[in-house]
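Quick look at entry.cif (mmCIF, C-alpha atoms):
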```cif
data_structure
#
loop_
_atom_site.group_PDB
_atom_site.id
_atom_site.type_symbol
_atom_site.label_atom_id
_atom_site.label_comp_id
_atom_site.auth_asym_id
_atom_site.auth_seq_id
_atom_site.Cartn_x
_atom_site.Cartn_y
_atom_site.Cartn_z
ATOM 1 C CA MET H 8 94.142 69.903 92.639
ATOM 2 C CA LYS H 9 90.975 68.394 91.174
ATOM 3 C CA ASN H 10 90.736 64.797 92.395
ATOM 4 C CA ILE H 11 92.396 64.024 95.716
ATOM 5 C CA LEU H 12 93.197 60.878 97.691
ATOM 6 C CA VAL H 13 93.869 61.240 101.416
ATOM 7 C CA ILE H 14 95.709 58.191 102.761
ATOM 8 C CA GLY H 15 95.251 57.951 106.523
ATOM 9 C CA SER H 16 91.976 59.860 106.407
ATOM 10 C CA THR H 17 90.826 58.715 109.850
ATOM 11 C CA GLY H 18 93.996 59.748 111.697
ATOM 12 C CA GLN H 19 94.629 62.853 113.784
ATOM 13 C CA ILE H 20 95.488 65.077 110.818
ATOM 14 C CA GLY H 21 93.775 63.091 108.073
ATOM 15 C CA SER H 22 90.283 63.224 109.559
ATOM 16 C CA GLU H 23 90.298 67.012 109.650
ATOM 17 C CA LEU H 24 92.232 67.457 106.404
ATOM 18 C CA THR H 25 89.746 65.292 104.501
ATOM 19 C CA ARG H 26 86.831 67.396 105.741
ATOM 20 C CA GLU H 27 88.600 70.637 104.855
ATOM 21 C CA LEU H 28 89.558 69.432 101.375
ATOM 22 C CA ARG H 29 85.969 68.354 100.754
ATOM 23 C CA ARG H 30 84.733 71.765 101.871
ATOM 24 C CA ILE H 31 87.077 73.450 99.371
ATOM 25 C CA TYR H 32 87.008 71.048 96.406
ATOM 26 C CA GLY H 33 83.701 69.225 96.879
ATOM 27 C CA GLY H 34 82.933 65.954 98.627
ATOM 28 C CA SER H 35 82.875 63.795 95.511
ATOM 29 C CA ASN H 36 86.400 64.929 94.555
ATOM 30 C CA VAL H 37 88.134 63.792 97.753
ATOM 31 C CA VAL H 38 88.560 60.076 98.484
ATOM 32 C CA ALA H 39 88.960 59.074 102.120
ATOM 33 C CA GLY H 40 91.580 56.330 102.147
ATOM 34 C CA TYR H 41 91.685 54.056 105.189
ATOM 35 C CA ILE H 42 92.936 50.697 106.417
ATOM 36 C CA PRO H 43 90.694 47.915 107.791
ATOM 37 C CA GLY H 44 89.989 48.542 111.443
ATOM 38 C CA ALA H 45 90.157 52.315 110.983
ATOM 39 C CA GLU H 46 87.081 52.842 108.836
ATOM 40 C CA PRO H 47 85.640 56.360 108.430
ATOM 41 C CA LYS H 48 82.395 57.052 110.257
ATOM 42 C CA GLY H 49 79.698 59.703 110.327
ATOM 43 C CA ASP H 50 80.205 62.671 108.021
ATOM 44 C CA LEU H 51 83.671 61.431 107.073
ATOM 45 C CA LEU H 52 82.048 58.350 105.529
ATOM 46 C CA GLU H 53 78.934 60.070 104.216
ATOM 47 C CA GLY H 54 80.648 63.188 102.841
ATOM 48 C CA GLY H 55 82.352 61.523 99.861
ATOM 49 C CA PRO H 56 83.883 58.326 98.491
ATOM 50 C CA ALA H 57 85.937 56.061 100.736
ATOM 51 C CA GLU H 58 88.289 53.237 99.791
ATOM 52 C CA ILE H 59 90.715 50.880 101.496
ATOM 53 C CA ALA H 60 94.125 52.469 100.818
ATOM 54 C CA ASP H 61 97.013 50.556 102.378
ATOM 55 C CA VAL H 62 100.454 51.954 101.504
ATOM 56 C CA THR H 63 101.908 48.434 101.650
ATOM 57 C CA ASP H 64 99.601 47.485 98.738
ATOM 58 C CA PRO H 65 100.743 49.544 95.723
ATOM 59 C CA GLU H 66 98.401 47.717 93.333
ATOM 60 C CA GLY H 67 95.452 48.731 95.503
ATOM 61 C CA ILE H 68 96.577 52.373 95.592
ATOM 62 C CA ASP H 69 97.119 52.355 91.830
ATOM 63 C CA ALA H 70 93.588 51.023 91.282
ATOM 64 C CA ILE H 71 92.099 53.861 93.384
ATOM 65 C CA VAL H 72 94.153 56.472 91.522
ATOM 66 C CA LYS H 73 92.923 55.183 88.171
ATOM 67 C CA LYS H 74 89.297 54.713 89.301
ATOM 68 C CA TYR H 75 88.924 58.286 90.559
ATOM 69 C CA LYS H 76 91.423 59.959 88.195
ATOM 70 C CA ILE H 77 93.441 61.132 91.191
ATOM 71 C CA ASP H 78 95.932 63.947 90.546
ATOM 72 C CA THR H 79 96.992 64.672 94.152
ATOM 73 C CA ILE H 80 97.812 62.278 97.008
ATOM 74 C CA TYR H 81 98.095 63.356 100.628
ATOM 75 C CA ASN H 82 100.087 60.503 102.164
ATOM 76 C CA LEU H 83 99.589 60.676 105.948
ATOM 77 C CA ALA H 84 100.346 57.037 106.743
ATOM 78 C CA ALA H 85 102.862 56.854 109.628
ATOM 79 C CA LEU H 86 103.305 55.824 113.244
ATOM 80 C CA LEU H 87 103.654 58.642 115.772
ATOM 81 C CA SER H 88 106.952 59.184 117.571
ATOM 82 C CA VAL H 89 106.478 57.254 120.828
ATOM 83 C CA VAL H 90 104.611 54.379 119.159
ATOM 84 C CA ALA H 91 107.301 54.144 116.472
ATOM 85 C CA GLU H 92 110.022 53.602 119.086
ATOM 86 C CA SER H 93 108.234 50.484 120.298
ATOM 87 C CA LYS H 94 107.612 49.214 116.742
ATOM 88 C CA PRO H 95 110.600 50.362 114.654
ATOM 89 C CA ARG H 96 110.269 47.798 111.857
ATOM 90 C CA LEU H 97 106.607 48.606 111.372
ATOM 91 C CA ALA H 98 107.400 52.333 111.456
ATOM 92 C CA TRP H 99 109.870 51.857 108.595
ATOM 93 C CA LYS H 100 107.543 49.572 106.634
ATOM 94 C CA ILE H 101 104.724 52.115 106.700
ATOM 95 C CA GLY H 102 106.752 55.309 106.591
ATOM 96 C CA ILE H 103 109.421 54.452 104.007
ATOM 97 C CA ASP H 104 108.491 51.259 102.165
ATOM 98 C CA GLY H 105 104.973 52.666 101.969
ATOM 99 C CA LEU H 106 106.210 56.015 100.693
ATOM 100 C CA TRP H 107 108.234 54.273 97.980
ATOM 101 C CA ASN H 108 105.046 52.564 96.822
ATOM 102 C CA ILE H 109 103.151 55.864 96.761
ATOM 103 C CA LEU H 110 105.891 57.635 94.828
ATOM 104 C CA GLU H 111 105.988 54.862 92.237
ATOM 105 C CA VAL H 112 102.222 55.106 91.764
ATOM 106 C CA ALA H 113 102.551 58.880 91.494
ATOM 107 C CA ARG H 114 105.366 58.595 88.943
ATOM 108 C CA VAL H 115 103.325 56.339 86.678
ATOM 109 C CA ASN H 116 100.075 58.285 87.049
ATOM 110 C CA TYR H 117 101.495 61.839 87.143
ATOM 111 C CA CYS H 118 100.234 62.646 90.644
ATOM 112 C CA ALA H 119 101.453 65.286 93.070
ATOM 113 C CA VAL H 120 102.332 63.919 96.520
ATOM 114 C CA PHE H 121 102.277 65.542 99.964
ATOM 115 C CA THR H 122 104.001 63.532 102.713
ATOM 116 C CA PRO H 123 104.521 65.351 106.016
ATOM 117 C CA SER H 124 107.871 65.544 107.716
ATOM 118 C CA SER H 125 108.327 66.696 111.310
ATOM 119 C CA ILE H 126 110.431 68.569 113.831
ATOM 120 C CA GLY H 127 111.464 65.025 114.735
ATOM 121 C CA SER H 128 113.696 65.028 111.645
ATOM 122 C CA PHE H 129 116.258 67.059 113.600
ATOM 123 C CA GLY H 130 118.586 65.825 116.346
ATOM 124 C CA LEU H 131 120.762 66.805 119.281
ATOM 125 C CA ASN H 132 123.419 68.378 117.040
ATOM 126 C CA THR H 133 120.927 70.610 115.224
ATOM 127 C CA PRO H 134 120.798 74.278 116.331
ATOM 128 C CA HIS H 135 117.849 74.285 118.743
ATOM 129 C CA ASP H 136 116.838 77.942 118.582
ATOM 130 C CA GLN H 137 115.471 79.278 115.295
ATOM 131 C CA THR H 138 116.524 76.050 113.613
ATOM 132 C CA PRO H 139 117.479 76.898 109.992
ATOM 133 C CA GLN H 140 115.696 75.492 106.963
ATOM 134 C CA ASP H 141 118.890 73.808 105.747
ATOM 135 C CA THR H 142 120.914 72.384 108.622
ATOM 136 C CA ILE H 143 122.288 69.153 110.089
ATOM 137 C CA GLN H 144 119.703 66.411 110.596
ATOM 138 C CA ARG H 145 120.979 63.500 112.688
ATOM 139 C CA PRO H 146 117.972 62.143 114.645
ATOM 140 C CA ARG H 147 118.370 59.177 116.975
ATOM 141 C CA THR H 148 114.804 57.876 116.883
ATOM 142 C CA ILE H 149 113.308 55.662 114.180
ATOM 143 C CA TYR H 150 110.577 58.288 113.792
ATOM 144 C CA GLY H 151 113.159 60.967 113.059
ATOM 145 C CA VAL H 152 115.233 58.730 110.794
ATOM 146 C CA SER H 153 112.129 57.876 108.761
ATOM 147 C CA LYS H 154 111.199 61.561 108.439
ATOM 148 C CA VAL H 155 114.647 62.530 107.144
ATOM 149 C CA THR H 156 114.394 59.647 104.678
ATOM 150 C CA THR H 157 110.933 60.872 103.666
ATOM 151 C CA GLU H 158 112.378 64.263 102.749
ATOM 152 C CA LEU H 159 115.323 62.809 100.839
ATOM 153 C CA LEU H 160 113.329 60.163 98.976
ATOM 154 C CA SER H 161 110.687 62.719 97.990
ATOM 155 C CA ASP H 162 113.394 65.078 96.736
ATOM 156 C CA TYR H 163 114.953 62.197 94.794
ATOM 157 C CA TYR H 164 111.701 61.431 92.987
ATOM 158 C CA HIS H 165 111.245 65.120 92.196
ATOM 159 C CA THR H 166 114.774 65.504 90.822
ATOM 160 C CA LYS H 167 115.067 62.193 88.965
ATOM 161 C CA TYR H 168 111.511 61.648 87.740
ATOM 162 C CA GLY H 169 109.863 65.068 87.972
ATOM 163 C CA VAL H 170 107.256 63.929 90.500
ATOM 164 C CA ASN H 171 105.637 66.956 92.145
ATOM 165 C CA THR H 172 106.545 66.112 95.757
ATOM 166 C CA ARG H 173 106.077 68.567 98.615
ATOM 167 C CA SER H 174 106.198 68.454 102.409
ATOM 168 C CA VAL H 175 106.374 70.534 105.570
ATOM 169 C CA ARG H 176 108.056 69.798 108.886
ATOM 170 C CA PHE H 177 105.056 69.816 111.181
ATOM 171 C CA PRO H 178 105.558 70.936 114.775
ATOM 172 C CA GLY H 179 103.415 69.402 117.507
ATOM 173 C CA ILE H 180 99.787 69.703 116.387
ATOM 174 C CA ILE H 181 97.011 70.592 118.813
ATOM 175 C CA SER H 182 93.367 69.784 118.077
ATOM 176 C CA TYR H 183 90.043 69.434 119.888
ATOM 177 C CA VAL H 184 88.588 67.051 117.263
ATOM 178 C CA THR H 185 90.684 63.883 117.270
ATOM 179 C CA PRO H 186 92.306 62.634 120.511
ATOM 180 C CA PRO H 187 96.111 62.259 120.476
ATOM 181 C CA GLY H 188 97.574 58.863 119.744
ATOM 182 C CA GLY H 189 101.162 58.456 120.884
ATOM 183 C CA GLY H 190 103.110 61.598 120.073
ATOM 184 C CA THR H 191 105.733 63.379 122.174
ATOM 185 C CA THR H 192 103.820 66.661 121.977
ATOM 186 C CA ASP H 193 100.490 65.114 123.003
ATOM 187 C CA TYR H 194 100.743 66.657 126.466
ATOM 188 C CA ALA H 195 99.753 69.972 124.879
ATOM 189 C CA VAL H 196 96.433 68.408 123.860
ATOM 190 C CA ASP H 197 95.831 66.360 127.018
ATOM 191 C CA ILE H 198 96.274 69.409 129.247
ATOM 192 C CA TYR H 199 93.218 71.107 127.724
ATOM 193 C CA TYR H 200 91.062 68.018 128.230
ATOM 194 C CA ASN H 201 92.038 67.857 131.902
ATOM 195 C CA ALA H 202 91.397 71.557 132.360
ATOM 196 C CA VAL H 203 87.880 71.341 130.936
ATOM 197 C CA ARG H 204 87.083 68.234 132.985
ATOM 198 C CA GLY H 205 88.333 69.944 136.142
ATOM 199 C CA GLU H 206 91.064 67.333 136.666
ATOM 200 C CA LYS H 207 94.636 67.832 137.806
ATOM 201 C CA PHE H 208 97.090 67.418 134.921
ATOM 202 C CA VAL H 209 100.184 65.246 135.323
ATOM 203 C CA CYS H 210 102.711 66.588 132.822
ATOM 204 C CA PRO H 211 105.131 64.041 131.284
ATOM 205 C CA ILE H 212 107.434 66.760 129.889
ATOM 206 C CA ALA H 213 109.801 68.702 132.159
ATOM 207 C CA LYS H 214 109.431 72.373 132.996
ATOM 208 C CA GLY H 215 111.503 74.529 130.669
ATOM 209 C CA THR H 216 111.266 72.116 127.717
ATOM 210 C CA PHE H 217 110.338 74.250 124.723
ATOM 211 C CA MET H 218 108.902 72.779 121.529
ATOM 212 C CA ASP H 219 107.310 74.264 118.435
ATOM 213 C CA MET H 220 103.548 73.795 118.352
ATOM 214 C CA MET H 221 100.726 74.584 115.942
ATOM 215 C CA TYR H 222 96.937 74.673 116.080
ATOM 216 C CA MET H 223 95.243 72.253 113.680
ATOM 217 C CA PRO H 224 93.566 74.924 111.493
ATOM 218 C CA ASP H 225 97.026 76.319 110.719
ATOM 219 C CA ALA H 226 98.407 72.838 109.996
ATOM 220 C CA LEU H 227 95.622 72.218 107.472
ATOM 221 C CA LYS H 228 96.180 75.648 105.961
ATOM 222 C CA ALA H 229 99.904 74.911 105.548
ATOM 223 C CA ALA H 230 99.380 71.560 103.806
ATOM 224 C CA ILE H 231 96.779 72.886 101.381
ATOM 225 C CA THR H 232 98.525 76.194 100.678
ATOM 226 C CA LEU H 233 101.803 74.450 99.862
ATOM 227 C CA MET H 234 100.112 72.050 97.451
ATOM 228 C CA GLU H 235 98.421 74.991 95.718
ATOM 229 C CA ALA H 236 101.637 77.035 95.508
ATOM 230 C CA ASN H 237 103.121 77.990 92.136
ATOM 231 C CA PRO H 238 105.961 75.495 91.495
ATOM 232 C CA SER H 239 108.037 78.160 89.752
ATOM 233 C CA LYS H 240 108.293 80.033 93.062
ATOM 234 C CA LEU H 241 109.567 77.052 95.063
ATOM 235 C CA ILE H 242 113.279 76.765 95.757
ATOM 236 C CA HIS H 243 112.721 73.964 98.238
ATOM 237 C CA HIS H 244 110.094 71.278 97.774
ATOM 238 C CA ASN H 245 110.310 68.952 100.756
ATOM 239 C CA GLY H 246 110.862 69.623 104.408
ATOM 240 C CA PHE H 247 109.736 73.237 104.730
ATOM 241 C CA ASN H 248 110.050 74.549 108.281
ATOM 242 C CA ILE H 249 106.720 76.000 109.411
ATOM 243 C CA ALA H 250 106.164 77.630 112.789
ATOM 244 C CA ALA H 251 103.382 79.268 114.761
ATOM 245 C CA MET H 252 104.297 79.235 118.477
ATOM 246 C CA SER H 253 106.902 77.837 120.859
ATOM 247 C CA PHE H 254 106.238 77.211 124.550
ATOM 248 C CA ASP H 255 107.123 75.040 127.527
ATOM 249 C CA PRO H 256 104.597 73.376 129.889
ATOM 250 C CA GLU H 257 104.604 76.338 132.308
ATOM 251 C CA MET H 258 103.552 78.738 129.571
ATOM 252 C CA ILE H 259 100.574 76.709 128.360
ATOM 253 C CA TYR H 260 99.575 76.073 131.980
ATOM 254 C CA ALA H 261 99.673 79.801 132.749
ATOM 255 C CA GLU H 262 97.555 80.605 129.684
ATOM 256 C CA ILE H 263 94.923 78.037 130.663
ATOM 257 C CA LYS H 264 94.909 79.376 134.242
ATOM 258 C CA LYS H 265 93.665 82.732 132.914
ATOM 259 C CA HIS H 266 90.423 80.951 132.016
ATOM 260 C CA LYS H 267 90.469 78.141 134.621
ATOM 261 C CA PRO H 268 91.915 79.702 137.820
ATOM 262 C CA ASN H 269 91.522 76.488 139.859
ATOM 263 C CA PHE H 270 93.334 74.291 137.341
ATOM 264 C CA GLU H 271 96.321 72.379 138.770
ATOM 265 C CA MET H 272 99.363 70.810 137.126
ATOM 266 C CA VAL H 273 102.140 68.626 138.543
ATOM 267 C CA TYR H 274 105.111 66.918 136.887
ATOM 268 C CA ASP H 275 105.895 63.230 136.446
ATOM 269 C CA VAL H 276 108.437 63.213 133.636
ATOM 270 C CA ASP H 277 108.331 60.311 131.166
ATOM 271 C CA PRO H 278 111.997 59.490 130.337
ATOM 272 C CA LEU H 279 111.298 58.372 126.753
ATOM 273 C CA LYS H 280 109.125 61.359 125.864
ATOM 274 C CA GLN H 281 111.557 63.736 127.551
ATOM 275 C CA SER H 282 114.572 62.348 125.709
ATOM 276 C CA ILE H 283 112.747 62.696 122.393
ATOM 277 C CA ALA H 284 111.608 66.232 123.229
ATOM 278 C CA GLU H 285 115.134 67.333 124.138
ATOM 279 C CA SER H 286 116.398 66.245 120.720
ATOM 280 C CA TRP H 287 113.875 68.463 118.926
ATOM 281 C CA PRO H 288 114.112 72.208 118.212
ATOM 282 C CA ASN H 289 112.940 74.829 120.681
ATOM 283 C CA SER H 290 111.845 76.955 117.735
ATOM 284 C CA MET H 291 112.186 76.878 113.941
ATOM 285 C CA ASP H 292 113.054 79.533 111.387
ATOM 286 C CA ASP H 293 110.287 79.331 108.780
ATOM 287 C CA SER H 294 111.399 82.272 106.642
ATOM 288 C CA CYS H 295 111.779 80.076 103.516
ATOM 289 C CA ALA H 296 108.127 78.986 103.696
ATOM 290 C CA ARG H 297 107.066 82.603 104.219
ATOM 291 C CA GLN H 298 109.094 83.772 101.238
ATOM 292 C CA GLU H 299 108.463 80.930 98.777
ATOM 293 C CA TRP H 300 104.727 80.311 99.308
ATOM 294 C CA HIS H 301 103.629 83.093 101.668
ATOM 295 C CA TRP H 302 103.141 80.918 104.757
ATOM 296 C CA MET H 303 101.602 82.784 107.706
ATOM 297 C CA PRO H 304 99.901 81.232 110.766
ATOM 298 C CA ASP H 305 96.655 82.617 112.160
ATOM 299 C CA TYR H 306 96.884 81.368 115.765
ATOM 300 C CA ASP H 307 99.193 82.079 118.699
ATOM 301 C CA LEU H 308 99.016 80.511 122.182
ATOM 302 C CA GLU H 309 96.442 82.982 123.463
ATOM 303 C CA LEU H 310 94.031 82.605 120.529
ATOM 304 C CA MET H 311 94.467 78.832 120.405
ATOM 305 C CA THR H 312 93.755 78.447 124.127
ATOM 306 C CA LYS H 313 90.506 80.409 123.918
ATOM 307 C CA ASP H 314 89.351 78.358 120.933
ATOM 308 C CA MET H 315 90.421 74.995 122.386
ATOM 309 C CA LEU H 316 88.624 75.591 125.686
ATOM 310 C CA LYS H 317 85.487 76.825 123.938
ATOM 311 C CA HIS H 318 85.199 73.802 121.671
ATOM 312 C CA LEU H 319 86.166 71.247 124.329
ATOM 313 C CA GLU H 320 83.554 72.650 126.698
ATOM 314 C CA GLU H 321 80.967 72.182 123.960
ATOM 315 C CA LYS H 322 82.269 68.667 123.284
ATOM 316 C CA LEU H 323 82.782 67.377 126.836
ATOM 317 C CA LEU H 324 80.223 69.246 128.945
ATOM 318 C CA LYS H 325 77.052 68.733 126.913
#
```
Would you kindly transcribe this structure into C-alpha cells?
Amino acid sequence: MKNILVIGSTGQIGSELTRELRRIYGGSNVVAGYIPGAEPKGDLLEGGPAEIADVTDPEGIDAIVKKYKIDTIYNLAALLSVVAESKPRLAWKIGIDGLWNILEVARVNYCAVFTPSSIGSFGLNTPHDQTPQDTIQRPRTIYGVSKVTTELLSDYYHTKYGVNTRSVRFPGIISYVTPPGGGTTDYAVDIYYNAVRGEKFVCPIAKGTFMDMMYMPDALKAAITLMEANPSKLIHHNGFNIAAMSFDPEMIYAEIKKHKPNFEMVYDVDPLKQSIAESWPNSMDDSCARQEWHWMPDYDLELMTKDMLKHLEEKLLK
C-alpha cells in the first residue's frame, strides 16, 4: 500500500483507521473520503487530504483515485445493523450498489479493495459455537444479506477480473473514540460510558446472550495486516473469521464491577436487537485467519476493560 483512500473516514471504524493508516504510511498518502454532512474535523481534516467520496457516484470516486494515484481502497460505507432494518433500500444502495461501483473503479485502476463483512452474515441455521470459516450463511436481516453479498461479489471480482479484494467478518467493535451509531453490539460500548459517568445501565440485550466482540485497536490491526498479507499465502480472500473475545452482558458487567464496585445494571430487552443478536454466532473459529496471515488479537475482556475505563475517564471527567 502506497496511496490509500478511506471511504467512510468519519465513521466509527473509518475515523480511527484513517488516523492509524496515516501514522503508518504518512498523512499525505491517505485520503479521508467523506460524504456531505459528515465532514472530517480536527486532526482528521488537518492530518492529510480529504475529498467527497460517495459510493453512489462512481465518477467521483474514479476522479479521486486518478488524482491521488490510489492503489488501495478501504470501503467502509454501510449502514449499521439496526439502522439498516429501518432503511433496507438505502442499506442495499450503499452496501451493494455502492460496492459494485467501487469494484468497477478498482478493476479499471488496478486497486486493491477492503470491504468489511460481519458476524451478521450468518443466520439462525449457522453453527453458533466456534462458527466455521466455511459454513451456511442464511441471514434474515438486510444487514446480513448485504454482508453475504459483499463477500460473494468481492470474490467474484477477484476470480473473474483479478481484483485484489479482501475482507474480514468483524465482530462487535468496542471503542472509546467514536460513539456507537445503531449497531446490535453497541450495548458493549454504552455500558462503559454509563459506568464512568456513575449511571445505572439499562441493557437492551438479554442475560446469557453471547456475541463475539473485539477492541478497536485489534480491528484496525486486522484490516491493515490482511491488506499487507502476501497474496500467495491466502486460500480465502473475503470473509475471514476473526475473533478476540466472546461474552454475554453479565460477564462484561462483572469485569467493570471489579473497577467500579457501585456500578448497577438492569435489563430492558429490545426485541429487535435481541432477535438480531440471537441469529449471530456466540463465538467464531478464526483458525484460517491465524494460519493464512498470522492473525492474533492483543486484547481480551480484562485488558480491554482497563483500557476503556482509563481512556473514558480522561475523556469524560476532565
Practice task
Given the file shown, determine the residues that the PyMOL selection byres ((chain H and resi 56) around 12) selects; report them as a PyMOL selection string.
Solution key: chain H and resi 10-13+16+25-26+29+33-41+47-48+50-55+57-59+71+74-75
Problem - Contact residues around range 103-116 of chain H with all atoms listed in the file at 7 Å, ignoring same-chain residues under 5 positions, as JSON, numbers by chain - result: {"H": [62, 63, 65, 69, 153, 157, 168, 170]}
What residues come out when you apply the PyMOL selection byres ((chain H and resi 83) around 6) to this file, written as a PDB file with C-alpha atoms, in the coordinates of the input?
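Listing of out_21.pdb after writing:
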```pdb
ATOM      1  CA  ILE H  14      95.709  58.191 102.761  1.00  0.00           C
ATOM      2  CA  GLY H  15      95.251  57.951 106.523  1.00  0.00           C
ATOM      3  CA  ASN H  82     100.087  60.503 102.164  1.00  0.00           C
ATOM      4  CA  ALA H  84     100.346  57.037 106.743  1.00  0.00           C
TER       5      ALA H  84
END
```
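The shortest atom-to-atom distance to Lys214 in chain H, with all atoms listed in the file taken into account, belongs to H:Ile259 out of H:Ile259, H:Val72, H:Val196, H:Ala98.
Here CA of Arg176 in chain H stands at a distance of 10.0 Å from CA of Val155 in chain H.
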Exercise for the section: Could you tell me which of H:Cys295, H:Ile80, H:Ile198, H:Leu279 comes closest to Glu257 in chain H if we count only C-alpha atoms? Expected result: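 Of H:Cys295, H:Ile80, H:Ile198, H:Leu279, the one nearest Glu257 in chain H, counting only C-alpha atoms, is H:Ile198.
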Run the PyMOL selection byres ((chain H and resi 138-140) around 7) against the file shown and list the residues it catches, as a short mmCIF file (atom, residue, chain, number, x, y, z; two decimals) with C-alpha atoms, keeping the file's coordinate frame.
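Saved to selection33.cif:
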```cif
data_model
loop_
_atom_site.label_atom_id
_atom_site.label_comp_id
_atom_site.auth_asym_id
_atom_site.auth_seq_id
_atom_site.Cartn_x
_atom_site.Cartn_y
_atom_site.Cartn_z
CA PRO H 134 120.80 74.28 116.33
CA HIS H 135 117.85 74.28 118.74
CA ASP H 136 116.84 77.94 118.58
CA GLN H 137 115.47 79.28 115.30
CA ASP H 141 118.89 73.81 105.75
CA THR H 142 120.91 72.38 108.62
CA PHE H 247 109.74 73.24 104.73
CA ASN H 248 110.05 74.55 108.28
CA PRO H 288 114.11 72.21 118.21
CA SER H 290 111.84 76.96 117.74
CA MET H 291 112.19 76.88 113.94
CA ASP H 292 113.05 79.53 111.39
CA ASP H 293 110.29 79.33 108.78
CA CYS H 295 111.78 80.08 103.52
#
```
Exercise for the section: To one decimal in Å, tell me the separation between CA of Met221 in chain H and CA of Ser182 in chain H. Expected result: 9.0 Å
Exercise for the section: Might you pull out every residue within 10 Å of Lys313 in chain H, with all atoms listed in the file counted and same-chain residues fewer than 6 positions away left off, and present them as a list in words? Expected result: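 Once the nearby chain positions are removed, what remains is Glu262, Ile263, Lys265 and His266 of chain H.
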Exercise for the section: Kindly give the distance, in Å, that separates CA of Gln144 in chain H and CA of Asn132 in chain H, rounded to a single decimal. Expected result: 7.7 Å
Please produce, as a tab-separated table, a per-residue contact table for range 149-250 of chain H versus range 306-312 of chain H (criterion: any atom at most 9 Å away, all atoms listed in the file considered), showing the nearest atom pair and its distance in Å to one decimal, sorted by chain then residue number.
```
residue	atom	partner	partner_atom	distance
H:Ile181	CA	H:Met311	CA	8.8
H:Tyr199	CA	H:Thr312	CA	8.2
H:Met220	CA	H:Leu308	CA	9.0
H:Met221	CA	H:Tyr306	CA	7.8
H:Tyr222	CA	H:Met311	CA	6.5
H:Pro224	CA	H:Tyr306	CA	8.4
H:Asp225	CA	H:Tyr306	CA	7.1
```
All file atoms of range 142-155 of chain H boxed axis-aligned, 4 Å per side, centre plus edges, as JSON:
```
{"center_x": 116.4, "center_y": 64.0, "center_z": 112.1, "size_x": 19.7, "size_y": 24.7, "size_z": 17.8}
```
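Counting only C-alpha atoms, Glu27 in chain H has the following residues at most 8 Å away, ignoring those fewer than 4 positions along the same chain: Glu23, Ile31 and Leu227 of chain H.
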Handout entry: Closest of H:Phe129, H:Tyr274, H:Tyr150, H:Tyr81 to Lys94 in chain H - atom-to-atom distances counting all atoms listed in the file
Key =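 Using all atoms listed in the file, Lys94 in chain H sits closest to H:Tyr150.
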Exercise for the section: For each of H:Ala195, H:Leu323, H:Val90, H:Ile126, take the minimum atom-to-atom distance to Gly246 in chain H, counting only C-alpha atoms, then give the residue where this is smallest. Expected result: H:Ile126
Exercise for the section: Mind listing whatever residues come within 7 Å of the point (107.6, 69.5, 113.8)? Use only C-alpha atoms, file coordinates, and give them as a list in words. Expected result: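 Within 7 Å of (107.6, 69.5, 113.8), the protein and nucleic acid residues are Ser125, Ile126, Gly127, Arg176, Phe177, Pro178, Gly179 and Asp219 of chain H.
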Problem - Pick from H:Ala213, H:Ile20, H:Leu160, H:Ile101, whichever lies nearest to Ser282 in chain H using only C-alpha atoms - result: H:Ala213
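With all atoms listed in the file as the atoms that count, the minimum distance from Phe208 in chain H to the choices H:Tyr32, H:Tyr163, H:Trp300, H:Tyr194 is reached by H:Tyr194.
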